[in-house]
file data.cif (mmCIF, C-alpha atoms)
data_upload
#
loop_
_atom_site.label_atom_id
_atom_site.label_comp_id
_atom_site.auth_asym_id
_atom_site.auth_seq_id
_atom_site.Cartn_x
_atom_site.Cartn_y
_atom_site.Cartn_z
CA MET A 1397 156.38 130.60 75.64
CA ILE A 1398 152.78 129.75 76.43
CA LYS A 1399 150.64 128.60 73.51
CA THR A 1400 146.85 128.62 73.77
CA SER A 1401 144.16 127.08 71.54
CA GLU A 1402 140.38 126.92 71.72
CA THR A 1403 137.78 124.45 70.43
CA VAL A 1404 134.02 124.94 70.57
CA LEU A 1405 131.35 122.28 71.06
CA LYS A 1406 128.91 121.25 68.31
CA GLY A 1407 126.12 123.25 69.96
CA HIS A 1408 128.00 126.54 69.94
CA PRO A 1409 125.93 128.90 67.72
CA ASP A 1410 128.76 129.52 65.25
CA LYS A 1411 129.43 125.79 64.97
CA ILE A 1412 125.73 125.13 64.48
CA CYS A 1413 125.94 127.34 61.39
CA ASP A 1414 129.07 125.57 60.14
CA GLY A 1415 127.33 122.25 60.72
CA VAL A 1416 124.18 123.24 58.84
CA ALA A 1417 126.18 124.59 55.88
CA ASP A 1418 128.35 121.47 55.61
CA TYR A 1419 125.41 119.11 56.13
CA ILE A 1420 123.54 120.69 53.22
CA LEU A 1421 126.65 120.62 51.03
CA THR A 1422 127.42 116.98 51.86
CA GLU A 1423 123.90 115.85 50.96
CA LEU A 1424 124.00 117.80 47.69
CA LEU A 1425 127.36 116.26 46.77
CA LYS A 1426 125.98 112.77 47.37
CA GLU A 1427 123.50 113.36 44.54
CA ASP A 1428 125.71 115.51 42.34
CA LYS A 1429 129.47 115.38 42.87
CA ASP A 1430 129.87 118.48 40.68
CA THR A 1431 127.70 120.65 42.93
CA ARG A 1432 129.07 124.15 43.38
CA ALA A 1433 128.10 125.90 46.55
CA GLY A 1434 128.92 128.77 48.81
CA ILE A 1435 126.44 128.43 51.68
CA GLU A 1436 126.28 130.85 54.60
CA CYS A 1437 124.07 130.53 57.67
CA LEU A 1438 122.99 132.87 60.45
CA ILE A 1439 121.11 131.71 63.52
CA LYS A 1440 119.43 133.76 66.25
CA ASP A 1441 116.87 132.36 68.69
CA ASN A 1442 114.72 130.02 66.56
CA LEU A 1443 115.41 131.85 63.28
CA LEU A 1444 117.84 130.25 60.81
CA VAL A 1445 118.76 132.18 57.67
CA ILE A 1446 120.44 130.29 54.82
CA ALA A 1447 121.95 132.38 52.02
CA GLY A 1448 124.47 132.04 49.23
CA GLU A 1449 124.83 130.29 45.91
CA VAL A 1450 124.18 126.71 44.87
CA THR A 1451 124.45 125.21 41.39
CA THR A 1452 123.49 121.54 41.37
CA LYS A 1453 121.55 118.79 39.64
CA ALA A 1454 120.54 117.39 43.04
CA SER A 1455 116.81 117.47 43.71
CA LEU A 1456 116.83 118.18 47.43
CA TYR A 1457 115.08 120.83 49.53
CA ILE A 1458 117.48 123.09 51.41
CA LYS A 1459 115.07 123.71 54.30
CA ASP A 1460 114.49 119.99 54.84
CA LEU A 1461 118.24 119.38 54.94
CA ALA A 1462 118.69 122.24 57.40
CA ARG A 1463 116.10 120.80 59.79
CA LYS A 1464 117.73 117.36 59.63
CA SER A 1465 121.10 118.91 60.44
CA LEU A 1466 119.66 120.76 63.44
CA ASP A 1467 118.18 117.47 64.68
CA GLU A 1468 121.58 115.78 64.32
CA ILE A 1469 123.32 118.53 66.29
CA GLY A 1470 120.89 118.02 69.17
CA LEU A 1471 118.27 120.69 68.50
CA ASN A 1472 114.68 120.27 67.33
CA GLY A 1473 114.62 121.29 63.68
CA SER A 1474 110.82 121.49 63.58
CA GLU A 1475 110.91 124.38 66.06
CA TYR A 1476 112.94 126.63 63.75
CA GLN A 1477 111.75 129.25 61.32
CA ILE A 1478 113.99 128.89 58.28
CA GLU A 1479 114.47 131.61 55.68
CA GLU A 1480 116.29 130.68 52.48
CA LYS A 1481 117.85 133.02 49.92
CA ILE A 1482 119.85 130.92 47.47
CA SER A 1483 120.85 131.81 43.91
CA SER A 1484 122.93 129.98 41.30
CA GLN A 1485 126.61 130.75 40.77
CA SER A 1486 127.40 133.94 38.85
CA ASN A 1487 127.97 133.22 35.15
CA ASP A 1488 131.11 135.36 35.24
CA ILE A 1489 132.62 133.26 38.02
CA ALA A 1490 131.38 129.99 36.52
CA LEU A 1491 133.12 130.77 33.23
CA GLY A 1492 136.51 131.05 34.93
CA VAL A 1493 135.96 127.94 37.05
CA ASP A 1494 134.80 125.92 34.02
CA LYS A 1495 138.14 126.69 32.39
CA GLY A 1496 139.99 125.37 35.45
CA GLY A 1497 140.60 128.68 37.17
CA ALA A 1498 140.29 129.50 40.86
CA GLY A 1499 136.76 130.10 42.13
CA ASP A 1500 137.90 133.21 43.98
CA GLN A 1501 140.94 135.30 44.78
CA GLY A 1502 142.61 134.96 48.16
CA ILE A 1503 145.50 133.64 50.22
CA MET A 1504 145.39 130.19 51.75
CA TYR A 1505 147.71 128.73 54.39
CA GLY A 1506 148.60 125.28 55.63
CA TYR A 1507 150.74 124.33 58.61
CA ALA A 1508 152.39 121.36 60.28
CA THR A 1509 154.66 120.85 63.28
CA ASN A 1510 156.34 117.81 64.80
CA GLU A 1511 154.89 118.55 68.26
CA THR A 1512 152.42 115.65 67.99
CA GLU A 1513 151.89 112.45 66.00
CA GLU A 1514 149.12 114.31 64.13
CA LEU A 1515 151.79 116.86 63.13
CA MET A 1516 149.61 119.55 64.68
CA PRO A 1517 150.13 121.98 67.59
CA LEU A 1518 149.70 120.17 70.91
CA SER A 1519 147.29 122.74 72.32
CA VAL A 1520 145.01 122.25 69.28
CA VAL A 1521 145.08 118.46 69.57
CA LEU A 1522 144.27 118.50 73.29
CA SER A 1523 141.53 121.13 73.08
CA ARG A 1524 139.82 119.14 70.31
CA LYS A 1525 140.01 115.92 72.29
CA LEU A 1526 138.56 117.70 75.30
CA ALA A 1527 135.72 119.22 73.25
CA LYS A 1528 134.78 115.79 71.87
CA GLU A 1529 134.66 114.31 75.37
CA LEU A 1530 132.62 117.24 76.67
CA ASP A 1531 130.11 116.71 73.87
CA LYS A 1532 129.86 113.05 74.85
CA LEU A 1533 129.26 114.20 78.43
CA ASN A 1534 126.50 116.65 77.56
CA LYS A 1535 124.79 113.98 75.47
CA LYS A 1536 125.04 111.38 78.25
CA GLU A 1537 124.05 113.80 81.03
CA ASN A 1538 121.45 115.82 79.13
CA ASP A 1539 119.47 116.45 82.29
CA ILE A 1540 122.47 118.38 83.61
CA PHE A 1541 124.07 119.99 80.55
CA GLY A 1542 122.96 121.99 77.53
CA ILE A 1543 124.73 121.59 74.18
CA ASP A 1544 126.59 124.93 74.04
CA GLY A 1545 130.15 125.29 75.27
CA LYS A 1546 133.81 125.72 74.54
CA CYS A 1547 137.18 124.83 75.97
CA GLN A 1548 140.66 126.32 75.89
CA ILE A 1549 144.07 124.92 76.76
CA SER A 1550 147.32 126.78 77.46
CA ILE A 1551 150.67 124.96 77.39
CA ASN A 1552 154.10 126.19 78.44
CA PHE A 1553 156.97 125.41 76.06
CA GLU A 1554 160.68 125.57 76.73
CA LYS A 1555 163.00 125.19 73.73
CA ASP A 1556 160.00 124.05 71.68
CA LYS A 1557 159.21 121.24 74.13
CA PRO A 1558 155.95 121.19 76.15
CA THR A 1559 156.62 121.25 79.89
CA ALA A 1560 153.19 121.78 81.46
CA VAL A 1561 149.58 122.70 80.86
CA THR A 1562 149.27 126.06 82.59
CA ALA A 1563 145.50 126.51 82.21
CA VAL A 1564 142.39 124.63 81.18
CA VAL A 1565 139.27 126.73 80.66
CA VAL A 1566 135.85 125.12 80.17
CA SER A 1567 132.65 127.08 79.68
CA MET A 1568 129.76 124.63 79.46
CA GLN A 1569 126.03 125.25 79.41
CA THR A 1570 124.02 123.69 82.24
CA LYS A 1571 120.31 123.26 82.83
CA PRO A 1572 118.50 125.67 85.19
CA GLN A 1573 118.82 124.91 88.91
CA VAL A 1574 121.79 122.56 88.42
CA LYS A 1575 124.37 123.34 91.10
CA ARG A 1576 128.11 123.68 90.56
CA ASP A 1577 128.87 120.81 92.92
CA THR A 1578 126.81 118.57 90.58
CA TYR A 1579 128.36 119.50 87.22
CA GLU A 1580 131.92 120.55 88.08
CA PRO A 1581 133.14 117.10 89.24
CA LEU A 1582 131.86 115.60 85.96
CA ILE A 1583 133.80 118.14 83.90
CA ARG A 1584 136.95 117.69 86.02
CA LYS A 1585 136.76 113.94 85.45
CA VAL A 1586 136.69 114.49 81.67
CA ILE A 1587 139.64 116.89 81.91
CA SER A 1588 141.73 114.42 83.91
CA LYS A 1589 140.93 111.69 81.39
CA THR A 1590 141.86 113.86 78.40
CA ILE A 1591 144.96 115.79 79.44
CA PRO A 1592 148.16 113.73 79.87
CA LYS A 1593 148.96 113.48 83.59
CA LYS A 1594 152.60 114.36 82.99
CA LEU A 1595 151.51 117.82 81.80
CA ILE A 1596 149.33 118.56 84.83
CA SER A 1597 150.97 120.11 87.86
CA LYS A 1598 149.85 121.68 91.13
CA ASP A 1599 150.13 125.05 89.37
CA THR A 1600 147.75 124.14 86.53
CA LYS A 1601 144.71 126.41 86.65
CA ILE A 1602 141.42 124.66 85.93
CA LEU A 1603 138.70 127.25 85.34
CA ILE A 1604 135.15 125.95 84.88
CA ASN A 1605 132.41 128.44 84.00
CA PRO A 1606 134.67 131.16 85.44
CA THR A 1607 132.09 133.98 85.28
CA GLY A 1608 129.59 131.98 87.32
CA GLU A 1609 126.68 130.06 85.79
CA PHE A 1610 126.09 129.39 82.09
CA VAL A 1611 122.40 128.52 81.71
CA LYS A 1612 121.17 130.52 78.73
CA GLY A 1613 123.15 129.34 75.72
CA GLY A 1614 123.20 128.63 72.02
CA SER A 1615 121.38 130.93 69.62
CA TYR A 1616 119.16 132.25 72.42
CA ALA A 1617 122.14 133.75 74.25
CA ASP A 1618 124.09 134.76 71.16
CA SER A 1619 123.88 134.69 67.39
CA GLY A 1620 125.85 132.34 65.15
CA LEU A 1621 127.50 132.73 61.76
CA THR A 1622 129.17 130.37 59.32
CA GLY A 1623 132.94 130.82 59.25
CA ARG A 1624 133.38 132.63 62.56
CA LYS A 1625 135.47 129.89 64.18
CA LEU A 1626 138.21 129.64 61.56
CA GLN A 1627 141.02 129.02 64.04
CA CYS A 1628 139.07 126.17 65.62
CA ASP A 1629 138.79 124.67 62.13
CA SER A 1630 142.50 125.10 61.44
CA TYR A 1631 145.49 125.56 63.76
CA GLY A 1632 144.12 127.14 66.92
CA GLY A 1633 145.59 130.57 66.29
CA LEU A 1634 149.15 129.25 65.99
CA ALA A 1635 149.47 129.66 62.21
CA LEU A 1636 148.35 132.17 59.60
CA HIS A 1637 144.85 131.98 58.12
CA GLY A 1638 143.74 133.67 54.91
CA GLY A 1639 140.39 134.57 56.43
CA GLY A 1640 138.07 132.69 54.07
CA ALA A 1641 135.53 130.32 55.60
CA TRP A 1642 135.74 126.62 54.71
CA SER A 1643 132.33 125.27 55.70
CA GLY A 1644 129.60 125.41 53.09
CA LYS A 1645 132.04 125.63 50.17
CA ASP A 1646 132.68 122.96 47.55
CA PHE A 1647 136.20 122.20 46.33
CA SER A 1648 136.09 124.63 43.42
CA LYS A 1649 136.40 127.30 46.11
CA VAL A 1650 140.13 127.63 46.78
CA ASP A 1651 139.37 128.99 50.26
CA ARG A 1652 138.68 125.38 51.16
CA SER A 1653 140.56 123.19 48.68
CA ALA A 1654 143.81 125.17 48.58
CA SER A 1655 143.86 125.49 52.38
CA TYR A 1656 143.60 121.72 52.65
CA TYR A 1657 146.24 121.34 49.95
CA ALA A 1658 148.63 123.69 51.75
CA ARG A 1659 148.20 121.51 54.86
CA TYR A 1660 148.95 118.44 52.70
CA ILE A 1661 152.22 119.99 51.52
CA ALA A 1662 153.30 121.24 54.95
CA LYS A 1663 152.52 117.90 56.58
CA ASN A 1664 154.56 115.92 54.07
CA ILE A 1665 157.51 118.28 54.50
CA VAL A 1666 157.51 117.86 58.28
CA ALA A 1667 156.96 114.09 58.00
CA SER A 1668 159.98 113.90 55.67
CA LYS A 1669 162.03 115.58 58.44
CA LEU A 1670 163.09 118.34 56.04
CA ALA A 1671 161.78 120.81 58.64
CA ASP A 1672 160.36 120.65 62.17
CA LYS A 1673 157.69 123.22 61.35
CA CYS A 1674 156.32 124.37 58.03
CA GLU A 1675 153.80 126.93 56.87
CA ILE A 1676 152.79 127.06 53.21
CA GLY A 1677 151.01 130.04 51.64
CA ILE A 1678 149.25 129.95 48.25
CA ALA A 1679 147.57 132.97 46.62
CA TYR A 1680 145.19 132.94 43.65
CA ALA A 1681 143.43 135.36 41.32
CA ILE A 1682 139.82 134.55 40.45
CA GLY A 1683 139.44 132.58 37.22
CA ILE A 1684 143.20 132.05 36.80
CA GLU A 1685 144.79 128.58 36.91
CA GLU A 1686 148.27 129.28 38.23
CA PRO A 1687 148.72 130.73 41.71
CA VAL A 1688 150.08 134.27 41.84
CA SER A 1689 152.41 133.29 44.69
CA ILE A 1690 153.62 130.31 46.70
CA SER A 1691 155.51 130.87 49.95
CA ILE A 1692 157.16 128.76 52.62
CA ASN A 1693 158.17 129.50 56.20
CA THR A 1694 159.95 126.86 58.27
CA PHE A 1695 160.64 129.20 61.21
CA GLY A 1696 164.36 128.48 61.06
CA THR A 1697 163.90 124.71 61.32
CA SER A 1698 164.57 123.68 57.70
CA LYS A 1699 167.42 121.24 57.08
CA VAL A 1700 168.00 122.85 53.67
CA LYS A 1701 167.61 126.39 52.33
CA GLU A 1702 163.98 127.41 52.02
CA ASP A 1703 164.35 128.55 48.39
CA LYS A 1704 165.65 125.07 47.51
CA LEU A 1705 162.76 123.48 49.37
CA LEU A 1706 160.31 125.71 47.50
CA GLU A 1707 161.75 124.53 44.17
CA VAL A 1708 161.23 120.91 45.22
CA ILE A 1709 157.66 121.61 46.33
CA LYS A 1710 156.81 123.10 42.94
CA GLU A 1711 158.09 119.94 41.26
CA VAL A 1712 156.21 117.52 43.52
CA PHE A 1713 152.84 119.26 43.94
CA ASN A 1714 150.33 120.56 41.39
CA PHE A 1715 148.87 123.96 42.22
CA LYS A 1716 146.23 124.37 39.51
CA PRO A 1717 142.77 124.26 41.14
CA ARG A 1718 141.61 121.46 38.83
CA ASP A 1719 144.64 119.33 39.79
CA ILE A 1720 144.12 120.04 43.50
CA ILE A 1721 140.47 118.97 43.26
CA SER A 1722 141.39 115.73 41.49
CA GLU A 1723 143.96 114.91 44.19
CA ILE A 1724 142.01 115.71 47.34
CA ARG A 1725 138.30 115.77 46.42
CA TYR A 1726 136.27 114.48 49.36
CA ALA A 1727 132.50 114.46 49.67
CA ASP A 1728 131.70 113.62 53.31
CA LEU A 1729 132.39 117.11 54.62
CA TYR A 1730 129.77 117.34 57.37
CA PRO A 1731 131.83 115.48 60.03
CA LEU A 1732 134.54 118.13 59.58
CA ALA A 1733 132.29 120.98 60.71
CA ALA A 1734 133.15 120.24 64.36
CA TYR A 1735 136.51 119.58 66.06
CA GLY A 1736 138.71 120.72 63.17
CA GLN A 1737 139.10 120.22 59.44
CA VAL A 1738 142.84 119.58 59.30
CA GLY A 1739 144.89 117.27 61.52
CA VAL A 1740 141.89 114.95 61.99
CA GLN A 1741 140.73 111.59 60.58
CA ILE A 1742 144.28 111.04 59.38
CA ASP A 1743 143.56 107.61 57.87
CA ILE A 1744 140.69 108.93 55.75
CA LEU A 1745 141.19 112.51 54.60
CA PRO A 1746 143.20 112.81 51.37
CA TRP A 1747 144.98 115.99 52.54
CA GLU A 1748 146.27 114.11 55.60
CA ARG A 1749 148.07 111.46 53.50
CA LEU A 1750 151.84 111.10 53.75
CA ASP A 1751 152.39 109.82 50.23
CA LYS A 1752 154.90 112.44 49.06
CA VAL A 1753 157.56 111.94 51.72
CA GLU A 1754 159.92 109.72 49.72
CA GLU A 1755 159.64 111.90 46.62
CA LEU A 1756 160.38 115.04 48.62
CA ILE A 1757 163.47 113.47 50.21
CA LYS A 1758 164.72 112.11 46.87
CA LEU A 1759 164.33 115.39 44.97
CA THR A 1760 165.81 117.43 47.81
CA ASN A 1761 168.92 115.25 47.79
CA GLU A 1762 169.20 115.61 44.01
CA HIS A 1763 168.96 119.42 43.99
#

call {"tool": "encode", "arguments": {"input": "data.cif", "output": "structure tokens"}}
result
Amino acid sequence: MIKTSETVLKGHPDKICDGVADYILTELLKEDKDTRAGIECLIKDNLLVIAGEVTTKASLYIKDLARKSLDEIGLNGSEYQIEEKISSQSNDIALGVDKGGAGDQGIMYGYATNETEELMPLSVVLSRKLAKELDKLNKKENDIFGIDGKCQISINFEKDKPTAVTAVVVSMQTKPQVKRDTYEPLIRKVISKTIPKKLISKDTKILINPTGEFVKGGSYADSGLTGRKLQCDSYGGLALHGGGAWSGKDFSKVDRSASYYARYIAKNIVASKLADKCEIGIAYAIGIEEPVSISINTFGTSKVKEDKLLEVIKEVFNFKPRDIISEIRYADLYPLAAYGQVGVQIDILPWERLDKVEELIKLTNEH
């Protein structure tokens, strides 16, 4: 089986929108930790549209925050026309959330696998590492590269063990008149530094700007939207996703908080060696505290029956939105807009903690 995952660079138009939404949210949370927000962005050429709902006591200007975020990404925020259409949260929704209910209906998934020390799919881990290094390259060599780009890695597996990287695809924006023999060796050097040598063979395909040149990029070549790179944020297409965007949403939105929490559960199960792979699904109804369903899939790798494991999970973890928020609330969300929101910063993020392993093992043995 060949598994493939993609990661986009910070200057990709969709990631620009994720970055702007999470930058605004992070700054609002710094002033008011109880900020509620669902922020969506659209970018095309030099037009940035910010829409959604924000309820906060923070006294900050959305447009100013947006320009600062564009500057941080590597664009010139002063050059952008920014349109803002923000309202406060619906009273009907707020009433349910105030009582501890879910901020929306939906299905959220979390996943973990023992393929890597991050307990993430290997192709995801490697594509993210490569994207980070490519962003460092385009910043260092900004006379050669633009800030738009993406990369993709395919890995062959035999009996669930990686045997070789079969393909590396890099599409990276370059400045006009820059020749391939100038930029391609720089990209190949980054690839060779990032991908383990034992996984590279003479048959590995390395495809760099495979359609030819990539000069016009970013929002001038395409448009961007918040939440259009969900698999880059999560598991690289190798696990289910409920479809709700994460960026721009505070933790009262279960799209974000329950997805993180499902990752937290799955990761602790795999770390406890109760299963080699685990996917957790949680579904909510808007305004209701208890989830309408909780599911588990260990893909035949569980050391105990899945129904028994599900009973243990329900004892160890708290699924009410208010409890989830209290366990994993985290304010510095902007750095998560690029290179993934799960399986990263494992020493910092509360949903990457492995603090339930012993309890899971103990209760499983008792059942």

call {"tool": "residues_around", "arguments": {"input": "data.cif", "residues": "stretch 1415-1420 of chain A", "least_positions_apart": "5", "cutoff": "8 Å", "atoms": "all atoms listed in the file", "output": "list in words"}}
result
Lys1406, Ile1435, Glu1436, Cys1437, Ile1458, Leu1461, Ala1462, Ser1465, Leu1466, Ile1469, Thr1622, Ser1643, Gly1644, Lys1645, Leu1729, Tyr1730, Ala1733 and Ala1734 of chain A

call {"tool": "closest_residue", "arguments": {"input": "data.cif", "among": "A:Ala1658, A:Ser1484, A:Leu1750, A:Leu1621", "to": "A:Ala1641", "atoms": "all atoms listed in the file"}}
result
A:Leu1621

call {"tool": "resolve_selection", "arguments": {"input": "data.cif", "expression": "the PyMOL selection byres ((chain A and resi 1684) around 8)", "output": "PyMOL selection string"}}
result
chain A and resi 1492+1496-1498+1680-1683+1685-1687

call {"tool": "resolve_selection", "arguments": {"input": "data.cif", "expression": "the PyMOL selection byres ((chain A and resi 1510-1523) around 7)", "output": "ChimeraX atom specification"}}
result
/A:1399-1403,1508-1509,1524-1527,1547-1551,1591,1631-1632,1663,1666,1672-1673,1739

call {"tool": "resolve_selection", "arguments": {"input": "data.cif", "expression": "the PyMOL selection byres ((chain A and resi 1536-1540) around 9)", "output": "count of residues only"}}
result
15

call {"tool": "atom_distance", "arguments": {"input": "data.cif", "atom1": "atom CA of A:Arg1463", "atom2": "atom CA of A:Asp1651"}}
result
26.4 Å

call {"tool": "atom_distance", "arguments": {"input": "data.cif", "atom1": "atom CA of A:Asn1442", "atom2": "atom CA of A:Gly1473"}}
result
9.2 Å

call {"tool": "atom_distance", "arguments": {"input": "data.cif", "atom1": "atom CA of A:Val1708", "atom2": "atom CA of A:Val1738"}}
result
23.2 Å

call {"tool": "axis_aligned_box", "arguments": {"input": "data.cif", "around": "stretch 1604-1608 of chain A", "padding_each_side": "3 Å", "output": "JSON"}}
result
{"center_x": 132.4, "center_y": 130.0, "center_z": 85.7, "size_x": 11.6, "size_y": 14.0, "size_z": 9.3}

call {"tool": "closest_residue", "arguments": {"input": "data.cif", "among": "A:Lys1625, A:Lys1710, A:Ile1665, A:Lys1464", "to": "A:Lys1752", "atoms": "only C-alpha atoms"}}
result
A:Ile1665

call {"tool": "closest_residue", "arguments": {"input": "data.cif", "among": "A:Ala1667, A:Ile1720, A:Leu1456, A:Val1561", "to": "A:Lys1598", "atoms": "all atoms listed in the file"}}
result
A:Val1561

call {"tool": "residues_around", "arguments": {"input": "data.cif", "residues": "A:Thr1697", "least_positions_apart": "4", "cutoff": "10 Å", "atoms": "all atoms listed in the file", "output": "PyMOL selection string"}}
result
chain A and resi 1666+1669-1674+1693+1701-1702

call {"tool": "residues_near_point", "arguments": {"input": "data.cif", "point": "(159.8, 116.4, 40.4)", "cutoff": "9 Å", "atoms": "only C-alpha atoms", "output": "PyMOL selection string"}}
result
chain A and resi 1708-1713+1755-1756+1759

call {"tool": "closest_residue", "arguments": {"input": "data.cif", "among": "A:Leu1421, A:Ser1483, A:Phe1553, A:Glu1427", "to": "A:Glu1449", "atoms": "only C-alpha atoms"}}
result
A:Ser1483

call {"tool": "decode", "arguments": {"input": "data.cif", "residues": "stretch 1718-1726 of chain A", "atoms": "all heavy atoms", "output": "compact mmCIF listing (two decimals), in the first residue's frame"}}
result
# COMPACT_ATOMS: atom_id res chain seq x y z
N ARG A 1718 -18.07 21.57 28.08
CA ARG A 1718 -17.49 22.39 29.14
C ARG A 1718 -16.29 21.68 29.78
O ARG A 1718 -15.27 22.31 30.11
CB ARG A 1718 -18.55 22.71 30.18
CG ARG A 1718 -18.12 23.72 31.23
CD ARG A 1718 -19.29 24.15 32.08
NE ARG A 1718 -20.16 25.09 31.37
CZ ARG A 1718 -21.37 25.45 31.80
NH1 ARG A 1718 -21.85 24.93 32.92
NH2 ARG A 1718 -22.09 26.31 31.12
N ASP A 1719 -16.39 20.36 29.97
CA ASP A 1719 -15.28 19.58 30.54
C ASP A 1719 -14.10 19.53 29.57
O ASP A 1719 -12.93 19.63 29.97
CB ASP A 1719 -15.74 18.17 30.88
CG ASP A 1719 -16.74 18.13 32.02
OD1 ASP A 1719 -16.69 19.05 32.87
OD2 ASP A 1719 -17.57 17.21 32.08
N ILE A 1720 -14.41 19.34 28.29
CA ILE A 1720 -13.35 19.31 27.27
C ILE A 1720 -12.58 20.63 27.27
O ILE A 1720 -11.35 20.65 27.28
CB ILE A 1720 -13.95 19.04 25.87
CG1 ILE A 1720 -14.44 17.60 25.77
CG2 ILE A 1720 -12.92 19.33 24.77
CD1 ILE A 1720 -15.15 17.27 24.47
N ILE A 1721 -13.32 21.74 27.29
CA ILE A 1721 -12.67 23.06 27.28
C ILE A 1721 -11.77 23.23 28.49
O ILE A 1721 -10.64 23.72 28.38
CB ILE A 1721 -13.74 24.17 27.23
CG1 ILE A 1721 -14.47 24.14 25.88
CG2 ILE A 1721 -13.09 25.54 27.43
CD1 ILE A 1721 -15.71 25.01 25.83
N SER A 1722 -12.24 22.81 29.66
CA SER A 1722 -11.44 22.98 30.88
C SER A 1722 -10.17 22.14 30.83
O SER A 1722 -9.14 22.51 31.40
CB SER A 1722 -12.26 22.62 32.12
OG SER A 1722 -12.54 21.23 32.15
N GLU A 1723 -10.21 21.01 30.13
CA GLU A 1723 -9.05 20.12 30.05
C GLU A 1723 -8.02 20.57 29.02
O GLU A 1723 -6.81 20.42 29.23
CB GLU A 1723 -9.49 18.69 29.71
CG GLU A 1723 -10.04 17.91 30.89
CD GLU A 1723 -10.15 16.43 30.56
OE1 GLU A 1723 -9.11 15.78 30.37
OE2 GLU A 1723 -11.29 15.94 30.48
N ILE A 1724 -8.49 21.08 27.88
CA ILE A 1724 -7.54 21.32 26.79
C ILE A 1724 -7.54 22.76 26.28
O ILE A 1724 -6.96 23.04 25.23
CB ILE A 1724 -7.79 20.36 25.60
CG1 ILE A 1724 -9.15 20.63 24.95
CG2 ILE A 1724 -7.66 18.90 26.04
CD1 ILE A 1724 -9.32 19.94 23.61
N ARG A 1725 -8.16 23.68 26.99
CA ARG A 1725 -8.16 25.08 26.55
C ARG A 1725 -6.72 25.56 26.28
O ARG A 1725 -5.82 25.32 27.08
CB ARG A 1725 -8.80 25.98 27.60
CG ARG A 1725 -8.96 27.43 27.12
CD ARG A 1725 -9.19 28.37 28.30
NE ARG A 1725 -10.48 28.16 28.92
CZ ARG A 1725 -11.59 28.85 28.63
NH1 ARG A 1725 -11.54 29.77 27.69
NH2 ARG A 1725 -12.71 28.62 29.26
N TYR A 1726 -6.56 26.25 25.18
CA TYR A 1726 -5.23 26.72 24.77
C TYR A 1726 -5.43 27.97 23.95
O TYR A 1726 -6.25 28.00 23.03
CB TYR A 1726 -4.53 25.63 23.96
CG TYR A 1726 -3.08 25.90 23.64
CD1 TYR A 1726 -2.10 25.76 24.61
CD2 TYR A 1726 -2.70 26.28 22.36
CE1 TYR A 1726 -0.76 26.00 24.31
CE2 TYR A 1726 -1.37 26.51 22.05
CZ TYR A 1726 -0.41 26.37 23.04
OH TYR A 1726 0.92 26.60 22.74
